[in-house]
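The structure appears below as C-alpha cells.
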Amino acid sequence: MLARYIKAQIIVLLCGGVLGPIWIVAYFMLPNLLGSFGPDVSSMWQSNTSWMLWAGLLITIADVLVALWLANRNARSSTKSAALHQTGVLTTAQIQGLQETGMRINERPVVKLDLRVTGPGFDFNDQKRVTVDISKQAIVTSRKLF
C-alpha cells in the first residue's frame with residue numbers, strides 16, 4: 001500500500017500539487033532573504049503574504065488526501081481484478097455487426113463491434129470500439145471472440 005501511495009503522491013505532485021509546498025517554503029524563506037533590506041520590509045512581507053501560508057497548507061492537505069484516495073481506489077481495483085481472474089467465467093462474444101469508423105491509429109483501422117456476449121447464467125449485447133491489427137483481422141471477420 002505504501003508503494004501505491006508514493007506513486008499516487010508523485011502523480012498528484014506532478015499534476016500541479018507541488019504549488020502548496022512551494023508557497024509554504026516561500027512564506028518562511030523569503031522574509032529571511034529580504035531581511036537585509038531592513039525589519040520593515042520583512043514585517044510588511046509577512047503581513048501581505050499570510051495568504052500564502054494558508055493556501056499552501058490547504059493545497060498540501062488536499063494533495064495528501066487525493067493521493068490517499070487514489071491509492072485506495074487503485075488497491076480496490078486491483079483486488080477486484082484479481083478476484084475476477086480467479087473466479088471468472090470463460091465466455092463467448094459473437095460479433096453481430098462490424099462498422100468502420102473512418103479513423104485510424106498508427107495505420108490500423110478503428111472499428112465498432114456489436115457484440116453478443118453469452119456465458120453460464122447471462123446473455124447480453126454490448127458495443128466496443130477497437131483497433132484491429134492486420135494479424136487480427138481474420139479473427140474479427142470470423143465473428144467469434146473467446
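The way I read the labels, and the way they are meant: chains A, B, ... in the order of the C-alpha cells, residue 1 as the first residue of every chain, and ligand 1 as the first ligand shown, with later ones counted on from there.
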(message) Need the shell around range 135-141 of chain A: protein/DNA/RNA residues with any atom at most 12 Å away, counting only C-alpha atoms. Skip same-chain ones fewer than 5 positions apart. Format as number ranges by chain?
(response) A: 93-99, 108-115, 130, 146
Restrict the selected residues to N, CA and C atoms and save them as a short mmCIF file (atom, residue, chain, number, x, y, z; two decimals), in the first residue's frame.
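Written file, out_36.cif:
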data_model
loop_
_atom_site.label_atom_id
_atom_site.label_comp_id
_atom_site.auth_asym_id
_atom_site.auth_seq_id
_atom_site.Cartn_x
_atom_site.Cartn_y
_atom_site.Cartn_z
N ALA A 93 -18.01 -14.19 -27.15
CA ALA A 93 -18.58 -12.97 -27.70
C ALA A 93 -18.72 -13.16 -29.21
N GLN A 94 -19.95 -13.11 -29.65
CA GLN A 94 -20.21 -13.26 -31.08
C GLN A 94 -20.40 -11.87 -31.67
N ILE A 95 -19.71 -11.61 -32.77
CA ILE A 95 -19.80 -10.30 -33.42
C ILE A 95 -21.07 -10.27 -34.26
N GLN A 96 -22.01 -9.42 -33.85
CA GLN A 96 -23.28 -9.27 -34.57
C GLN A 96 -23.15 -8.27 -35.71
N GLY A 97 -22.34 -7.23 -35.51
CA GLY A 97 -22.17 -6.21 -36.53
C GLY A 97 -20.77 -5.63 -36.48
N LEU A 98 -20.30 -5.16 -37.62
CA LEU A 98 -18.96 -4.61 -37.75
C LEU A 98 -19.07 -3.35 -38.59
N GLN A 99 -18.66 -2.20 -38.03
CA GLN A 99 -18.77 -0.93 -38.74
C GLN A 99 -17.42 -0.22 -38.71
N ARG A 108 -3.70 1.57 -38.34
CA ARG A 108 -4.59 0.44 -38.07
C ARG A 108 -6.01 0.97 -38.00
N PRO A 109 -6.95 0.31 -38.66
CA PRO A 109 -8.32 0.81 -38.65
C PRO A 109 -8.99 0.62 -37.28
N VAL A 110 -9.83 1.60 -36.93
CA VAL A 110 -10.65 1.51 -35.73
C VAL A 110 -12.04 1.10 -36.19
N VAL A 111 -12.56 0.02 -35.61
CA VAL A 111 -13.89 -0.46 -35.99
C VAL A 111 -14.78 -0.52 -34.75
N LYS A 112 -16.08 -0.43 -34.99
CA LYS A 112 -17.06 -0.56 -33.93
C LYS A 112 -17.71 -1.93 -34.04
N LEU A 113 -17.64 -2.70 -32.97
CA LEU A 113 -18.18 -4.05 -32.96
C LEU A 113 -19.47 -4.08 -32.16
N ASP A 114 -20.51 -4.70 -32.70
CA ASP A 114 -21.73 -5.00 -31.96
C ASP A 114 -21.60 -6.44 -31.49
N LEU A 115 -21.53 -6.65 -30.19
CA LEU A 115 -21.23 -7.97 -29.63
C LEU A 115 -22.43 -8.57 -28.92
N VAL A 130 -12.57 -0.86 -31.27
CA VAL A 130 -11.25 -1.47 -31.15
C VAL A 130 -10.41 -1.12 -32.38
N PHE A 146 -13.17 -15.24 -28.04
CA PHE A 146 -13.20 -16.01 -26.80
C PHE A 146 -12.45 -15.26 -25.72
#
(request) Pick out each residue of range 1-139 of chain A that DSSP on the backbone tags as strand (DSSP E); I need them as a count of residues only. (result) 36
(message) My list of candidates is A:Val117, A:Met103, A:Ala55, A:Ala62. Which is closest to Thr91 in chain A when distances are computed with only C-alpha atoms?
(response) A:Val117
(request) Rounded to one decimal place, report the CA of Thr60 in chain A-CA of Gly20 in chain A distance in Å. (result)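 According to the coordinates, CA of Thr60 in chain A and CA of Gly20 in chain A are separated by 5.0 Å.
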(message) Need the shell around Val64 in chain A: protein/DNA/RNA residues with any atom at most 12 Å away, counting only C-alpha atoms. Skip same-chain ones fewer than 6 positions apart. Format as a VMD selection string?
(response) chain A and resid 5 to 13 17 to 18 20 to 21 57 to 58 70 to 71
(message) Can you pull out every residue from range 6-117 of chain A that DSSP, working from the backbone, puts in alpha helix (DSSP H), and format the result as a PyMOL selection string?
(response) chain A and resi 6-12+19-34+39-48+50-87
(message) So the first atom is CA of Asp63 in chain A and the second is CA of Ile22 in chain A; what is the distance between them in Å, to one decimal place?
(response)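 Separation between CA of Asp63 in chain A and CA of Ile22 in chain A: 12.8 Å.
With only C-alpha atoms as the basis for measurement, A:Met1 is the residue among A:Ile105, A:Val25, A:Ile134, A:Met1 that approaches Trp69 in chain A most closely.
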At most 8 Å is the cut-off: for each residue in range 59-110 of chain A with any atom that close to an atom of range 119-125 of chain A, write down the nearest atom pair and the distance in Å rounded to one decimal, counting only C-alpha atoms, chain first then increasing number, as a tab-separated table.
residue	atom	partner	partner_atom	distance
A:Val89	CA	A:Gly119	CA	7.4
A:Leu90	CA	A:Gly119	CA	7.1
A:Thr91	CA	A:Gly119	CA	4.8
A:Thr92	CA	A:Gly119	CA	6.6
(message) Please report the interatomic distance between CA of Gly56 in chain A and CA of Leu19 in chain A in Å with one decimal.
(response)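 Taking CA of Gly56 in chain A as the start and CA of Leu19 in chain A as the end point, the length is 7.1 Å.
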